[in-house]
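Heads up, entry_7.cif below (mmCIF, C-alpha atoms):
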data_protein
loop_
_atom_site.label_atom_id
_atom_site.label_comp_id
_atom_site.auth_asym_id
_atom_site.auth_seq_id
_atom_site.Cartn_x
_atom_site.Cartn_y
_atom_site.Cartn_z
CA MET W 1 8.42 37.54 -15.77
CA LEU W 2 9.08 33.90 -16.81
CA ASN W 3 12.68 34.06 -15.62
CA GLU W 4 11.65 35.47 -12.22
CA ASN W 5 8.92 32.86 -11.78
CA ILE W 6 11.23 29.97 -12.63
CA LYS W 7 13.79 31.20 -10.12
CA ARG W 8 11.22 31.93 -7.39
CA VAL W 9 9.44 28.57 -7.70
CA ARG W 10 12.73 26.67 -7.89
CA LYS W 11 13.90 28.30 -4.66
CA LEU W 12 10.53 27.74 -2.97
CA LYS W 13 10.79 24.05 -3.87
CA GLY W 14 14.26 24.00 -2.32
CA LEU W 15 15.97 22.99 -5.56
CA SER W 16 19.34 24.15 -6.77
CA GLN W 17 19.86 24.96 -10.44
CA GLN W 18 21.79 21.70 -10.77
CA GLU W 19 18.98 19.62 -9.20
CA LEU W 20 16.38 21.21 -11.45
CA ALA W 21 18.61 20.68 -14.48
CA ILE W 22 18.95 16.98 -13.62
CA LYS W 23 15.17 16.59 -13.34
CA LEU W 24 14.74 18.29 -16.73
CA ASN W 25 17.62 16.43 -18.40
CA VAL W 26 19.40 19.66 -19.30
CA VAL W 27 22.68 21.24 -18.18
CA ARG W 28 22.80 23.67 -15.26
CA GLN W 29 23.80 26.53 -17.58
CA THR W 30 20.48 26.18 -19.42
CA VAL W 31 18.54 26.75 -16.20
CA SER W 32 20.83 29.67 -15.37
CA LYS W 33 20.15 31.27 -18.80
CA TRP W 34 16.39 30.87 -18.29
CA GLU W 35 16.59 32.53 -14.88
CA GLN W 36 18.73 35.39 -16.20
CA GLY W 37 16.33 35.96 -19.10
CA LEU W 38 19.01 35.20 -21.71
CA SER W 39 16.91 32.41 -23.24
CA VAL W 40 13.51 30.79 -22.78
CA PRO W 41 12.47 27.14 -22.74
CA ASP W 42 10.61 25.81 -25.78
CA SER W 43 6.97 24.78 -25.42
CA ASP W 44 7.69 21.11 -24.65
CA MET W 45 10.30 22.06 -22.07
CA LEU W 46 7.92 24.61 -20.56
CA ILE W 47 5.34 21.87 -20.00
CA THR W 48 7.98 19.58 -18.49
CA LEU W 49 9.22 22.43 -16.31
CA SER W 50 5.69 23.11 -15.03
CA GLU W 51 5.27 19.40 -14.19
CA VAL W 52 8.60 19.21 -12.37
CA LEU W 53 7.92 22.40 -10.41
CA GLU W 54 4.28 21.36 -9.87
CA ILE W 55 2.90 24.69 -11.01
CA PRO W 56 0.61 25.55 -13.95
CA VAL W 57 2.22 26.87 -17.13
CA SER W 58 0.06 29.99 -16.86
CA LYS W 59 1.70 30.83 -13.52
CA LEU W 60 5.14 30.36 -15.03
CA LEU W 61 4.33 32.58 -18.00
CA GLY W 62 2.84 35.58 -16.36
CA GLU W 63 0.71 35.25 -13.32
CA PRO W 64 2.84 36.17 -10.34
CA VAL W 65 3.73 33.27 -8.08
CA ASP W 66 2.49 33.87 -4.58
CA GLU W 67 4.81 32.52 -1.90
CA ALA W 68 1.89 32.05 0.48
CA GLU W 69 0.18 29.85 -2.10
CA MET W 70 3.34 27.76 -2.48
CA ASN W 71 3.57 27.40 1.31
CA HIS W 72 -0.10 26.38 1.36
CA LEU W 73 0.64 23.69 -1.23
CA ARG W 74 3.60 22.55 0.85
CA VAL W 75 1.36 22.25 3.95
CA ILE W 76 -1.18 20.23 1.98
CA SER W 77 1.60 18.02 0.66
CA GLU W 78 2.89 17.39 4.17
CA LYS W 79 -0.61 16.52 5.39
CA LEU W 80 -1.05 14.08 2.52
CA GLU W 81 2.26 12.49 3.40
CA VAL W 82 1.10 12.00 7.00
CA ILE W 83 -2.17 10.48 5.78
CA ASN W 84 -0.27 8.11 3.48
CA LEU W 85 1.92 7.00 6.39
CA GLN W 86 -1.16 6.39 8.54
CA LEU W 87 -2.78 4.34 5.78
CA ALA W 88 0.39 2.29 5.38
CA GLN W 89 0.49 1.62 9.14
CA ARG W 90 -3.19 0.63 9.10
CA LYS W 91 -2.56 -1.76 6.22
CA THR W 92 0.39 -3.30 8.07
CA THR W 93 -1.70 -3.68 11.23
CA ARG W 94 -4.55 -5.33 9.32
CA ARG W 95 -2.13 -7.73 7.65
CA LYS W 96 -0.64 -8.66 11.04
CA ILE W 97 -4.11 -9.25 12.51
CA LEU W 98 -5.11 -11.37 9.49
CA HIS W 99 -1.93 -13.43 9.79
CA GLY W 100 -2.51 -13.93 13.52
CA LEU W 101 -6.08 -15.09 12.95
CA LEU W 102 -5.08 -17.44 10.14
CA LEU W 103 -2.24 -18.91 12.18
CA SER W 104 -4.66 -19.43 15.08
CA LEU W 105 -7.09 -21.18 12.74
CA CYS W 106 -4.27 -23.45 11.55
CA ALA W 107 -3.44 -24.30 15.16
CA VAL W 108 -7.10 -25.09 15.91
CA ILE W 109 -7.34 -27.38 12.87
CA VAL W 110 -4.19 -29.25 13.91
CA MET W 111 -5.46 -29.57 17.50
CA ILE W 112 -8.81 -30.97 16.31
CA TYR W 113 -6.93 -33.51 14.18
CA ALA W 114 -4.86 -34.49 17.21
CA VAL W 115 -7.97 -34.92 19.33
CA LEU W 116 -9.68 -37.00 16.63
CA ILE W 117 -6.63 -39.22 16.35
CA ALA W 118 -6.33 -39.58 20.14
CA ILE W 119 -9.95 -40.50 20.83
CA GLY W 120 -10.53 -42.44 17.64
CA SER W 121 -14.20 -42.83 16.73
CA PRO W 122 -15.92 -43.97 19.95
CA TYR W 123 -19.39 -43.65 18.43
CA LEU W 124 -18.68 -46.65 16.20
CA GLY W 125 -19.06 -48.95 19.21
CA TRP W 126 -22.37 -47.48 20.33
CA ASP W 127 -25.64 -49.35 20.37
CA TYR W 128 -27.69 -47.78 17.55
CA SER W 129 -30.95 -49.44 18.51
CA SER W 130 -31.99 -46.29 20.38
CA PRO W 131 -33.10 -43.49 18.02
CA GLU W 132 -31.36 -40.77 20.09
CA THR W 133 -28.04 -42.65 20.06
CA ALA W 134 -28.38 -43.34 16.34
CA VAL W 135 -29.01 -39.65 15.53
CA ILE W 136 -26.10 -38.47 17.68
CA GLY W 137 -23.79 -41.18 16.29
CA VAL W 138 -24.67 -40.26 12.70
CA ALA W 139 -24.17 -36.57 13.49
CA PHE W 140 -20.71 -37.24 15.01
CA HIS W 141 -19.76 -39.44 12.06
CA SER W 142 -20.95 -36.76 9.55
CA LEU W 143 -18.99 -34.00 11.28
CA GLU W 144 -15.85 -36.13 11.46
CA TRP W 145 -16.18 -37.17 7.83
CA LEU W 146 -16.69 -33.56 6.71
CA PHE W 147 -13.81 -32.27 8.83
CA VAL W 148 -11.35 -34.92 7.64
CA ARG W 149 -12.10 -34.04 4.00
CA ALA W 150 -12.47 -30.25 4.25
CA ALA W 151 -9.77 -29.36 6.80
CA PRO W 152 -6.74 -30.25 4.62
CA LEU W 153 -8.07 -28.06 1.81
CA LEU W 154 -8.73 -25.26 4.29
CA LEU W 155 -5.25 -25.67 5.77
CA ILE W 156 -3.62 -25.51 2.32
CA GLY W 157 -5.70 -22.42 1.46
CA ILE W 158 -4.69 -20.69 4.68
CA ILE W 159 -1.01 -21.44 4.08
CA LEU W 160 -1.30 -20.03 0.55
CA VAL W 161 -2.97 -16.85 1.83
CA LEU W 162 -0.28 -16.46 4.49
CA PHE W 163 2.42 -16.88 1.86
CA LEU W 164 0.83 -14.48 -0.63
CA THR W 165 0.13 -11.75 1.93
CA ARG W 166 3.47 -11.84 3.69
CA LYS W 167 5.43 -8.60 3.97
CA LYS W 168 7.73 -8.21 1.00
CA ASP W 169 10.92 -6.33 1.82
#

How does this structure look as structure tokens?
Amino acid sequence: MLNENIKRVRKLKGLSQQELAIKLNVVRQTVSKWEQGLSVPDSDMLITLSEVLEIPVSKLLGEPVDEAEMNHLRVISEKLEVINLQLAQRKTTRRKILHGLLLSLCAVIVMIYAVLIAIGSPYLGWDYSSPETAVIGVAFHSLEWLFVRAAPLLLIGIILVLFLTRKKD
């Protein structure tokens, strides 16, 4: 029964005796002897064999291996592969969107700096005797002061995130 199950599962997995032997770190003749019933694998090798063939040891030892069940497992495996590909594509898409947004934010920061440099600080020449003008002037000065100090740190952080999340080939 063991010899028939090894042979049946190996063929269902699409493996040759040589390929199975390589995965088990044995010679092809060993697999051939197992399948002919001339010898049996020891307990450690039986566990390794069940892991390589992705089938429980109990199935290898006596329970008949149902080809329909193996095909069902193959279908599930193929579906999982498709799901993994979809998740990888979603991750790639999210990374591209994140990079686009961060690059846009960098461009906005640079444009604001350019505008601030071009217009200077016109509120410094205002007449602050009026309370409305004083409040607006202080607000403009506070925003400019905060931007000039925070934007470089934000820009460096964005560049680091872009570098760390780039696609690694």

*Work out how far apart CA of Val75 (chain W) and CA of Lys13 (chain W) are and give it in Å to one decimal.*
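Between CA of Val75 (chain W) and CA of Lys13 (chain W) the gap is 12.4 Å.
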
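Using all atoms listed in the file for every distance, the candidate list W:Ser121, W:Ser50, W:Gln89, W:Ser104 yields W:Ser121 as the residue closest to Glu144 (chain W).
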
Per residue of region 82-120 of chain W within 12 Å of region 146-155 of chain W, what are the shortest atom pair and its distance in Å to one decimal, counting only C-alpha atoms, with rows by chain and residue number, as a Markdown table?
| residue | atom | partner | partner_atom | distance |
| --- | --- | --- | --- | --- |
| W:Leu102 | CA | W:Leu155 | CA | 9.3 |
| W:Leu103 | CA | W:Leu155 | CA | 9.8 |
| W:Ser104 | CA | W:Leu155 | CA | 11.2 |
| W:Leu105 | CA | W:Leu155 | CA | 8.5 |
| W:Cys106 | CA | W:Leu155 | CA | 6.3 |
| W:Ala107 | CA | W:Leu155 | CA | 9.7 |
| W:Val108 | CA | W:Leu155 | CA | 10.3 |
| W:Ile109 | CA | W:Ala151 | CA | 6.8 |
| W:Val110 | CA | W:Leu155 | CA | 9.0 |
| W:Met111 | CA | W:Ala151 | CA | 11.5 |
| W:Ile112 | CA | W:Phe147 | CA | 9.1 |
| W:Tyr113 | CA | W:Val148 | CA | 8.0 |
| W:Ala114 | CA | W:Val148 | CA | 11.6 |
| W:Leu116 | CA | W:Val148 | CA | 9.4 |
| W:Ile117 | CA | W:Val148 | CA | 10.8 |

*When distances are computed from only C-alpha atoms, which of W:Ile22, W:Val82, W:Ala118, W:Met1 shows the smallest separation from Glu35 (chain W)?*
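Using only C-alpha atoms, Glu35 (chain W) sits closest to W:Met1.
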
*Interatomic distance (Å, one decimal) between CA of Lys168 (chain W) and CA of Lys79 (chain W)*: 26.5 Å

_Length of the CA of Ile159 (chain W) to CA of Thr93 (chain W) vector [Å]_ = 19.2 Å

*asked:* Restricting the calculation to only C-alpha atoms: of W:Leu60, W:Val31, W:Ile136, W:Met45, which residue gets closest to Pro122 (chain W)?
replied: W:Ile136

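Distances to Lys167 (chain W) were evaluated for W:Lys96, W:Arg74, W:Lys33, W:Lys11 using all atoms listed in the file, and the minimum falls at W:Lys96.
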
*Nearest to Thr48 (chain W) among W:Val135, W:Val27, W:Leu20, W:Leu2, with distances taken over only C-alpha atoms: which residue is it?*
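Smallest separation from Thr48 (chain W) among the options: W:Leu20.
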
_Using all atoms listed in the file: which of W:Ile97, W:His72, W:Glu4, W:Val9 has the shortest distance to Ile55 (chain W)_ =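 Answer, going by the shortest atom-to-atom distance: W:Val9.
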
_Given the point (-17.6, -43.6, 15.0) in the file's coordinates, find the residues that have an atom at most 9 Å from it, counting all atoms listed in the file, and give them as a VMD selection string._
chain W and resid 120 to 126 137 to 138 140 to 141 144

*Given the file above and the PyMOL selection byres ((chain W and resi 24) around 12), which residues are selected, and can you give them as a list in words?*
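For this structure, the PyMOL selection byres ((chain W and resi 24) around 12) captures Gln17, Gln18, Glu19, Leu20, Ala21, Ile22, Lys23, Asn25, Val26, Val27, Arg28, Thr30, Val31, Pro41, Asp44, Met45, Leu46, Ile47, Thr48, Leu49, Ser50, Glu51, Val52 and Leu53 of chain W.
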
Saved region 125-140 of chain W from the preceding structure, all heavy atoms, as an mmCIF file, in the first residue's frame:
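Full text of out_7.cif as output:
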data_model
loop_
_atom_site.group_PDB
_atom_site.id
_atom_site.type_symbol
_atom_site.label_atom_id
_atom_site.label_comp_id
_atom_site.auth_asym_id
_atom_site.auth_seq_id
_atom_site.Cartn_x
_atom_site.Cartn_y
_atom_site.Cartn_z
ATOM 1 N N GLY W 125 5.630 95.497 6.103
ATOM 2 C CA GLY W 125 5.496 96.928 5.850
ATOM 3 C C GLY W 125 4.110 97.468 6.151
ATOM 4 O O GLY W 125 3.827 98.636 5.891
ATOM 5 N N TRP W 126 3.247 96.654 6.695
ATOM 6 C CA TRP W 126 1.886 97.095 6.980
ATOM 7 C C TRP W 126 1.858 98.025 8.197
ATOM 8 O O TRP W 126 2.744 98.010 9.054
ATOM 9 C CB TRP W 126 0.976 95.905 7.267
ATOM 10 C CG TRP W 126 0.691 95.017 6.092
ATOM 11 C CD1 TRP W 126 1.061 95.215 4.800
ATOM 12 C CD2 TRP W 126 -0.027 93.787 6.118
ATOM 13 N NE1 TRP W 126 0.629 94.195 4.008
ATOM 14 C CE2 TRP W 126 -0.055 93.288 4.796
ATOM 15 C CE3 TRP W 126 -0.655 93.042 7.100
ATOM 16 C CZ2 TRP W 126 -0.683 92.105 4.440
ATOM 17 C CZ3 TRP W 126 -1.279 91.873 6.758
ATOM 18 C CH2 TRP W 126 -1.291 91.401 5.437
ATOM 19 N N ASP W 127 0.757 98.772 8.248
ATOM 20 C CA ASP W 127 0.510 99.633 9.402
ATOM 21 C C ASP W 127 -0.252 98.796 10.430
ATOM 22 O O ASP W 127 -1.390 98.389 10.206
ATOM 23 C CB ASP W 127 -0.327 100.848 8.972
ATOM 24 C CG ASP W 127 -0.673 101.749 10.140
ATOM 25 O OD1 ASP W 127 0.038 101.688 11.166
ATOM 26 O OD2 ASP W 127 -1.673 102.477 10.026
ATOM 27 N N TYR W 128 0.379 98.520 11.567
ATOM 28 C CA TYR W 128 -0.216 97.647 12.585
ATOM 29 C C TYR W 128 -1.030 98.409 13.630
ATOM 30 O O TYR W 128 -1.375 97.864 14.669
ATOM 31 C CB TYR W 128 0.875 96.821 13.279
ATOM 32 C CG TYR W 128 1.371 95.669 12.423
ATOM 33 C CD1 TYR W 128 2.437 95.825 11.552
ATOM 34 C CD2 TYR W 128 0.740 94.446 12.479
ATOM 35 C CE1 TYR W 128 2.866 94.769 10.764
ATOM 36 C CE2 TYR W 128 1.168 93.390 11.705
ATOM 37 C CZ TYR W 128 2.238 93.557 10.843
ATOM 38 O OH TYR W 128 2.658 92.508 10.071
ATOM 39 N N SER W 129 -1.366 99.638 13.326
ATOM 40 C CA SER W 129 -2.168 100.409 14.289
ATOM 41 C C SER W 129 -3.617 99.931 14.286
ATOM 42 O O SER W 129 -4.309 100.066 15.293
ATOM 43 C CB SER W 129 -2.090 101.904 13.982
ATOM 44 O OG SER W 129 -2.573 102.150 12.673
ATOM 45 N N SER W 130 -4.068 99.358 13.175
ATOM 46 C CA SER W 130 -5.424 98.819 13.107
ATOM 47 C C SER W 130 -5.402 97.399 13.670
ATOM 48 O O SER W 130 -4.545 96.590 13.316
ATOM 49 C CB SER W 130 -5.902 98.805 11.659
ATOM 50 O OG SER W 130 -7.048 98.002 11.523
ATOM 51 N N PRO W 131 -6.357 97.053 14.543
ATOM 52 C CA PRO W 131 -6.353 95.715 15.144
ATOM 53 C C PRO W 131 -6.519 94.599 14.105
ATOM 54 O O PRO W 131 -5.903 93.543 14.228
ATOM 55 C CB PRO W 131 -7.529 95.725 16.105
ATOM 56 C CG PRO W 131 -7.956 97.132 16.260
ATOM 57 C CD PRO W 131 -7.391 97.905 15.126
ATOM 58 N N GLU W 132 -7.360 94.835 13.073
ATOM 59 C CA GLU W 132 -7.564 93.800 12.054
ATOM 60 C C GLU W 132 -6.271 93.532 11.291
ATOM 61 O O GLU W 132 -5.898 92.396 11.038
ATOM 62 C CB GLU W 132 -8.670 94.220 11.066
ATOM 63 C CG GLU W 132 -10.052 94.273 11.647
ATOM 64 C CD GLU W 132 -10.350 95.606 12.323
ATOM 65 O OE1 GLU W 132 -9.581 96.581 12.131
ATOM 66 O OE2 GLU W 132 -11.332 95.674 13.070
ATOM 67 N N THR W 133 -5.573 94.582 10.915
ATOM 68 C CA THR W 133 -4.313 94.447 10.180
ATOM 69 C C THR W 133 -3.269 93.766 11.055
ATOM 70 O O THR W 133 -2.505 92.927 10.580
ATOM 71 C CB THR W 133 -3.806 95.833 9.741
ATOM 72 O OG1 THR W 133 -4.844 96.510 9.040
ATOM 73 C CG2 THR W 133 -2.600 95.709 8.843
ATOM 74 N N ALA W 134 -3.248 94.118 12.329
ATOM 75 C CA ALA W 134 -2.272 93.517 13.244
ATOM 76 C C ALA W 134 -2.521 92.012 13.386
ATOM 77 O O ALA W 134 -1.581 91.204 13.347
ATOM 78 C CB ALA W 134 -2.342 94.196 14.603
ATOM 79 N N VAL W 135 -3.788 91.612 13.515
ATOM 80 C CA VAL W 135 -4.112 90.192 13.675
ATOM 81 C C VAL W 135 -3.745 89.426 12.401
ATOM 82 O O VAL W 135 -3.123 88.360 12.458
ATOM 83 C CB VAL W 135 -5.610 90.005 14.032
ATOM 84 C CG1 VAL W 135 -6.021 88.547 13.926
ATOM 85 C CG2 VAL W 135 -5.895 90.539 15.424
ATOM 86 N N ILE W 136 -4.105 89.966 11.255
ATOM 87 C CA ILE W 136 -3.796 89.294 9.992
ATOM 88 C C ILE W 136 -2.286 89.232 9.769
ATOM 89 O O ILE W 136 -1.746 88.211 9.350
ATOM 90 C CB ILE W 136 -4.518 90.003 8.812
ATOM 91 C CG1 ILE W 136 -6.024 89.819 8.958
ATOM 92 C CG2 ILE W 136 -4.046 89.459 7.472
ATOM 93 C CD1 ILE W 136 -6.837 90.627 7.955
ATOM 94 N N GLY W 137 -1.585 90.318 10.072
ATOM 95 C CA GLY W 137 -0.122 90.353 9.914
ATOM 96 C C GLY W 137 0.561 89.330 10.809
ATOM 97 O O GLY W 137 1.483 88.620 10.390
ATOM 98 N N VAL W 138 0.105 89.243 12.058
ATOM 99 C CA VAL W 138 0.682 88.259 12.992
ATOM 100 C C VAL W 138 0.369 86.844 12.513
ATOM 101 O O VAL W 138 1.215 85.942 12.584
ATOM 102 C CB VAL W 138 0.160 88.506 14.425
ATOM 103 C CG1 VAL W 138 0.519 87.353 15.342
ATOM 104 C CG2 VAL W 138 0.722 89.806 14.970
ATOM 105 N N ALA W 139 -0.846 86.627 12.008
ATOM 106 C CA ALA W 139 -1.209 85.302 11.505
ATOM 107 C C ALA W 139 -0.325 84.916 10.316
ATOM 108 O O ALA W 139 0.183 83.782 10.251
ATOM 109 C CB ALA W 139 -2.680 85.273 11.109
ATOM 110 N N PHE W 140 -0.143 85.837 9.353
ATOM 111 C CA PHE W 140 0.732 85.555 8.207
ATOM 112 C C PHE W 140 2.159 85.250 8.664
ATOM 113 O O PHE W 140 2.800 84.316 8.199
ATOM 114 C CB PHE W 140 0.755 86.727 7.230
ATOM 115 C CG PHE W 140 -0.395 86.758 6.279
ATOM 116 C CD1 PHE W 140 -0.989 87.968 5.931
ATOM 117 C CD2 PHE W 140 -0.903 85.591 5.713
ATOM 118 C CE1 PHE W 140 -2.051 88.007 5.048
ATOM 119 C CE2 PHE W 140 -1.966 85.625 4.839
ATOM 120 C CZ PHE W 140 -2.545 86.835 4.503
#
